[in-house]
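J.: My questions all concern the structure below.
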Amino acid sequence: MRDPDYDAQAPKQTVSITLNSDLYAKAKSLGINASKVAEESLAREYAARRSEALRAEIRREVAALEAYEKEHGSFPELVRAHHERDDGAV
């Protein structure tokens with residue numbers, strides 16, 4: 001199971017954000033909870049950026065592994081060569 005991106009049960013914190021006043025007034029007139037929408041949107045954006053950062057890290061790690069294998073050979077090949085008998089059987 002994947003770890004959650006953030007603690008959804010953490011206490012709320014008052015922050016200040018700047019919004020288009022007309023949009024905010026119209027949203028409020030329809031009963032839209034701006035804090036809830038902002039929190040949900042921020043959570044989605046955080047998850048997307050965290051995922052992209054993880055994908056970038058994986059790409060770097062794969063590139064490093066490929067460079068190592070290009071220079072030294074793959075780990076399975078090294079183990080196989082180490083344990084190979086004189087007659088060529090594994």
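Simple scheme: letters A, B, ... for chains in structure tokens order, numbers from 1 for residues in each chain, numbers from 1 for ligands in the order shown.
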Which residues come within 12 Å of range 7-14 of chain A, counting only C-alpha atoms, excluding same-chain residues fewer than 6 positions away, as a PyMOL selection string?

T.: chain A and resi 35-36+39-40+43

J.: Kindly save the residues from that selection, with N, CA and C atoms included, as a compact mmCIF listing (two decimals), in the first residue's frame.

T.:
# COMPACT_ATOMS: atom_id res chain seq x y z
N SER A 35 -11.86 27.36 0.75
CA SER A 35 -10.79 26.69 1.49
C SER A 35 -10.72 25.22 1.10
N LYS A 36 -11.87 24.57 1.01
CA LYS A 36 -11.90 23.15 0.65
C LYS A 36 -11.40 22.95 -0.78
N GLU A 39 -7.63 23.47 -0.86
CA GLU A 39 -6.92 22.35 -0.25
C GLU A 39 -6.90 21.14 -1.18
N GLU A 40 -8.03 20.83 -1.80
CA GLU A 40 -8.10 19.69 -2.73
C GLU A 40 -7.20 19.92 -3.94
N ALA A 43 -3.56 19.62 -2.91
CA ALA A 43 -3.21 18.22 -2.71
C ALA A 43 -2.95 17.53 -4.05

J.: Among chain A, which ones does DSSP place in alpha helix (DSSP H), written as a PyMOL selection string?

T.: chain A and resi 21-29+34-72+75-83
